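Heads up, the thing below is written out as structure tokens.
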Amino acid sequence: MLNRVAVLSDIHGVLPALEAVLAEPDVRAAERIVLTGDIAAGPQPTEVLDLLMSLGDRVGWVAGNADRELLEHRRNAPTSAPTPDPLTPWAADRLRPDHVDLLASLPRTLTLPVRGLGTVLFCHATPRDDEEVVLVDSRLDRWQEVFTGLDDDIRTVVCGHTHMPFVRLAHGRLVVNPGSVGMPYGRPGAHWALLGPGTDLRHTPYDLEAAVHRLTRTSTYPDAAAWADYYLHARATDADALAAFGPRDGRTNTP
């Protein structure tokens with residue numbers, strides 16, 4: 001049984017944000033760090049992976065859709081993204097063979113026992129799919145749908161994907177989304193969560209202007225400056241994100 005687990009989601013290859021979270025005392029003291037996907041697809045993919053790999057067995061890894069898409073592009077496999085973000089093939093081309101092997105080995109879900117929360121299932125989007133959308137205001141029958149097939153002893157589900165933090169109950173299960181470390185929507189800074197014995201949504205401010213300058217100077221991605229300015233400053237609001245994601249949870253199919 002683990003006493004403390006730090007959850008980091010949607011790092012998206014932003015090294016300064018990751019470094020800021022890893023420097024947090026509660027993250028350094030956590031028994032495990034769990035990554036709930038979309039780890040490297042960003043302007044500093046190799047740097048982020050190398051730092052996380054250096055942490056060894058403390059880290060539990062879960063694959064996200066962006067991690068899968070990196071592999072698809074690297075292997076010239078058909079991709080599920082009809083119009084891929086130009087950053088994805090760029091980042092895929094920079095992965096070393098050991099990075100590719102790591103991403104290819106990542107599971108879709110991970111379960112761990114956490115004090116106060118019981119058996120916790122960690123996933124990227126939903127337990128059954130790495131691209132499905134569920135939101136803080138998704139209707140209960142949507143949650144029932146995405147929980148189909150889960151063991152009854154899983155009472156806590158931790159997901160990412162939508163880059164907005166929330167905690168809610170759905171059909172007796174606690175659902176936790178830590179938000180995004182590297183690409184937050186609604187509020188700048190790095191978002192993460194601390195589990196055990198309860199749930200604590202955390203926010204780590206860091207020097208955004210220094211981070212934008214660093215990304216612009218060190219990343220060879222052609223649009224690094226514009227990308228960093230937009231995403232690190234969270235220029236997409238939570239209202240923007242909810243409006244974009246909302247129809248994807250099926251709500252438009254209801255009266």
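Ordering of the structure tokens sets the chain letters (A, B, ...), residue numbers begin anew at 1 in every chain, and ligands are numbered from 1 in the order given.
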Practice prompt. For range 21-38 of chain A, list every protein, DNA or RNA residue within 9 Å, evaluated using only C-alpha atoms, and leave out those in the same chain fewer than 3 positions away; present the list as an NGL selection string.
Written response: :A and (2-13 or 16-18 or 41 or 57-68 or 108-110 or 122-125 or 130 or 158-161 or 181 or 190-192 or 194 or 203-205)
Fill in: Residues of range 36-238 of chain A in alpha helix (DSSP H), written as a PyMOL selection string
chain A and resi 45-53+65-74+87-93+97-105+140-146+208-218+224-232+238
Discussion item. If we count only C-alpha atoms and set the cut-off at 8 Å, which residues sit around range 171-176 of chain A, ignoring sequence neighbours fewer than 5 positions away in its own chain? Please answer as a VMD selection string.
Written reply: chain A and resid 140 143 to 144 154 to 159 165 to 166 199
Write a file of the just-selected residues containing all heavy atoms, as a tab-separated table (two decimals), in the first residue's frame.
```tsv
chain	number	residue	atom	x	y	z
A	140	LEU	N	-23.95	11.46	-16.11
A	140	LEU	CA	-23.65	10.22	-15.40
A	140	LEU	C	-23.70	8.99	-16.31
A	140	LEU	O	-22.92	8.05	-16.13
A	140	LEU	CB	-24.61	10.04	-14.23
A	140	LEU	CG	-24.29	10.88	-13.00
A	140	LEU	CD1	-25.39	10.72	-11.96
A	140	LEU	CD2	-22.94	10.50	-12.41
A	143	TRP	N	-20.36	8.51	-17.88
A	143	TRP	CA	-19.39	7.88	-16.98
A	143	TRP	C	-19.66	6.39	-16.84
A	143	TRP	O	-18.74	5.58	-16.81
A	143	TRP	CB	-19.44	8.57	-15.61
A	143	TRP	CG	-18.82	9.93	-15.63
A	143	TRP	CD1	-19.47	11.12	-15.66
A	143	TRP	CD2	-17.43	10.23	-15.66
A	143	TRP	NE1	-18.57	12.15	-15.69
A	143	TRP	CE2	-17.31	11.64	-15.69
A	143	TRP	CE3	-16.26	9.45	-15.65
A	143	TRP	CZ2	-16.07	12.28	-15.71
A	143	TRP	CZ3	-15.03	10.09	-15.68
A	143	TRP	CH2	-14.94	11.49	-15.71
A	144	GLN	N	-20.92	6.02	-16.75
A	144	GLN	CA	-21.26	4.60	-16.66
A	144	GLN	C	-20.76	3.86	-17.90
A	144	GLN	O	-20.24	2.74	-17.82
A	144	GLN	CB	-22.77	4.44	-16.51
A	144	GLN	CG	-23.20	3.00	-16.29
A	144	GLN	CD	-24.69	2.92	-16.00
A	144	GLN	OE1	-25.50	3.64	-16.60
A	144	GLN	NE2	-25.07	2.06	-15.08
A	154	ILE	N	-12.21	-1.31	-7.99
A	154	ILE	CA	-11.59	-0.05	-8.41
A	154	ILE	C	-12.57	1.08	-8.09
A	154	ILE	O	-13.58	1.26	-8.77
A	154	ILE	CB	-11.24	-0.07	-9.91
A	154	ILE	CG1	-10.16	-1.12	-10.18
A	154	ILE	CG2	-10.78	1.32	-10.38
A	154	ILE	CD1	-9.88	-1.34	-11.64
A	155	ARG	N	-12.25	1.83	-7.05
A	155	ARG	CA	-13.14	2.90	-6.61
A	155	ARG	C	-12.61	4.28	-6.95
A	155	ARG	O	-13.29	5.28	-6.73
A	155	ARG	CB	-13.39	2.81	-5.08
A	155	ARG	CG	-13.84	1.45	-4.58
A	155	ARG	CD	-14.96	0.85	-5.43
A	155	ARG	NE	-16.15	1.70	-5.51
A	155	ARG	CZ	-17.16	1.51	-6.35
A	155	ARG	NH1	-17.11	0.52	-7.21
A	155	ARG	NH2	-18.21	2.30	-6.34
A	156	THR	N	-11.38	4.36	-7.47
A	156	THR	CA	-10.79	5.63	-7.86
A	156	THR	C	-10.17	5.48	-9.24
A	156	THR	O	-9.44	4.53	-9.50
A	156	THR	CB	-9.70	6.08	-6.87
A	156	THR	OG1	-10.25	6.16	-5.56
A	156	THR	CG2	-9.13	7.44	-7.26
A	157	VAL	N	-10.49	6.41	-10.13
A	157	VAL	CA	-9.94	6.42	-11.49
A	157	VAL	C	-9.25	7.76	-11.71
A	157	VAL	O	-9.84	8.82	-11.47
A	157	VAL	CB	-11.05	6.22	-12.55
A	157	VAL	CG1	-10.48	6.36	-13.96
A	157	VAL	CG2	-11.71	4.85	-12.38
A	158	VAL	N	-8.01	7.71	-12.15
A	158	VAL	CA	-7.23	8.91	-12.43
A	158	VAL	C	-6.97	8.98	-13.92
A	158	VAL	O	-6.44	8.03	-14.51
A	158	VAL	CB	-5.90	8.91	-11.65
A	158	VAL	CG1	-5.11	10.19	-11.96
A	158	VAL	CG2	-6.16	8.79	-10.16
A	159	CYS	N	-7.35	10.08	-14.53
A	159	CYS	CA	-7.20	10.24	-15.97
A	159	CYS	C	-6.58	11.60	-16.29
A	159	CYS	O	-6.40	12.44	-15.40
A	159	CYS	CB	-8.55	10.11	-16.67
A	159	CYS	SG	-9.80	11.28	-16.07
A	165	PRO	N	-7.87	20.36	-14.56
A	165	PRO	CA	-7.99	19.58	-13.33
A	165	PRO	C	-9.40	19.56	-12.76
A	165	PRO	O	-10.12	20.56	-12.80
A	165	PRO	CB	-7.03	20.30	-12.37
A	165	PRO	CG	-6.95	21.69	-12.88
A	165	PRO	CD	-7.14	21.63	-14.36
A	166	PHE	N	-9.78	18.39	-12.23
A	166	PHE	CA	-11.05	18.30	-11.51
A	166	PHE	C	-11.06	17.03	-10.66
A	166	PHE	O	-10.31	16.09	-10.89
A	166	PHE	CB	-12.26	18.32	-12.45
A	166	PHE	CG	-12.42	17.12	-13.35
A	166	PHE	CD1	-12.99	15.94	-12.88
A	166	PHE	CD2	-12.01	17.16	-14.67
A	166	PHE	CE1	-13.16	14.83	-13.71
A	166	PHE	CE2	-12.17	16.06	-15.51
A	166	PHE	CZ	-12.75	14.89	-15.02
A	199	THR	N	-7.22	13.25	-1.92
A	199	THR	CA	-6.82	13.75	-3.24
A	199	THR	C	-6.58	15.24	-3.13
A	199	THR	O	-7.40	15.98	-2.57
A	199	THR	CB	-7.91	13.49	-4.30
A	199	THR	OG1	-9.12	14.13	-3.90
A	199	THR	CG2	-8.15	12.00	-4.45
```
Worksheet entry | Computed interatomic separation between CA of Leu208 in chain A and CA of Asp229 in chain A (Å) | 8.7 Å
Worksheet item: Nearest to Arg217 in chain A among A:Ser54, A:Pro127, A:Gln44, A:Thr162, with distances taken over only C-alpha atoms: which residue is it?
Response: A:Gln44
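When the distance limit is 12 Å and only C-alpha atoms are what count, the residues near Pro86 in chain A, minus those fewer than 6 positions from it on the same chain, are Ala41, Gly42, Pro43, Glu69, Leu70, His73, Ala92, Asp93, Tyr221, Pro222, Asp223, Ala224 and Trp227 of chain A.
Taking only C-alpha atoms into account, Leu215 in chain A lies nearest to A:Ala228 out of the set A:Ala91, A:Val48, A:Ala228, A:Val100.
Between CA of Met164 in chain A and CA of Thr220 in chain A lies a distance of 28.1 Å.
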Practice prompt. Would you please extract all strand (DSSP E) residues from range 113-207 of chain A, as assigned by DSSP on the backbone, and give them as a PyMOL selection string?
Written response: chain A and resi 113-114+118-122+154-158+166-170+173-177+190-195+199-204
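Within 7 Å of Leu232 in chain A, once only C-alpha atoms are used and residues closer than 6 positions along the same chain are dropped, the contacting residues are Gly182, Met183, Pro188 and Leu208 of chain A.
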Could those selected residues go to a file with all heavy atoms, as a short mmCIF file (atom, residue, chain, number, x, y, z; two decimals), in the first residue's frame?
```
data_model
loop_
_atom_site.label_atom_id
_atom_site.label_comp_id
_atom_site.auth_asym_id
_atom_site.auth_seq_id
_atom_site.Cartn_x
_atom_site.Cartn_y
_atom_site.Cartn_z
N GLY A 182 2.45 20.54 -18.83
CA GLY A 182 3.10 21.37 -19.84
C GLY A 182 2.19 22.19 -20.73
O GLY A 182 2.65 23.18 -21.31
N MET A 183 0.91 21.82 -20.86
CA MET A 183 -0.01 22.53 -21.76
C MET A 183 -1.32 22.81 -21.04
O MET A 183 -2.38 22.28 -21.40
CB MET A 183 -0.28 21.69 -23.02
CG MET A 183 0.88 21.59 -23.98
SD MET A 183 0.51 20.49 -25.38
CE MET A 183 -0.88 21.31 -26.15
N PRO A 188 -2.20 29.42 -16.28
CA PRO A 188 -0.79 29.06 -16.50
C PRO A 188 -0.21 28.35 -15.28
O PRO A 188 -0.76 28.38 -14.17
CB PRO A 188 -0.11 30.42 -16.71
CG PRO A 188 -1.21 31.38 -17.02
CD PRO A 188 -2.42 30.87 -16.31
N LEU A 208 7.44 31.83 -16.39
CA LEU A 208 6.97 31.54 -17.74
C LEU A 208 7.82 32.22 -18.80
O LEU A 208 8.12 31.63 -19.85
CB LEU A 208 5.52 31.98 -17.89
CG LEU A 208 4.50 31.27 -17.00
CD1 LEU A 208 3.12 31.85 -17.22
CD2 LEU A 208 4.50 29.77 -17.24
#
```
Worksheet entry | Contact residues around Leu49 in chain A with only C-alpha atoms at 10 Å, ignoring same-chain residues under 3 positions, as a PyMOL selection string | chain A and resi 13+15+39-40+44-46+52-54+95+98-99+102-103
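The residue that comes closest to Val134 in chain A, out of A:Pro113, A:Asp207, A:Asp240, A:Ala170 and on the basis of only C-alpha atoms, is A:Ala170.
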Discussion item. Residues near Gly250 in chain A, anyone? I mean within 9 Å using only C-alpha atoms, not counting same-chain ones fewer than 5 positions away, as an MDAnalysis selection string.
Written reply: chainID A and resid 133 138 142
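When only C-alpha atoms are used to compute distances to Leu150 in chain A, the closest of the residues A:Thr126, A:Glu132, A:Met1, A:Leu169 turns out to be A:Thr126.
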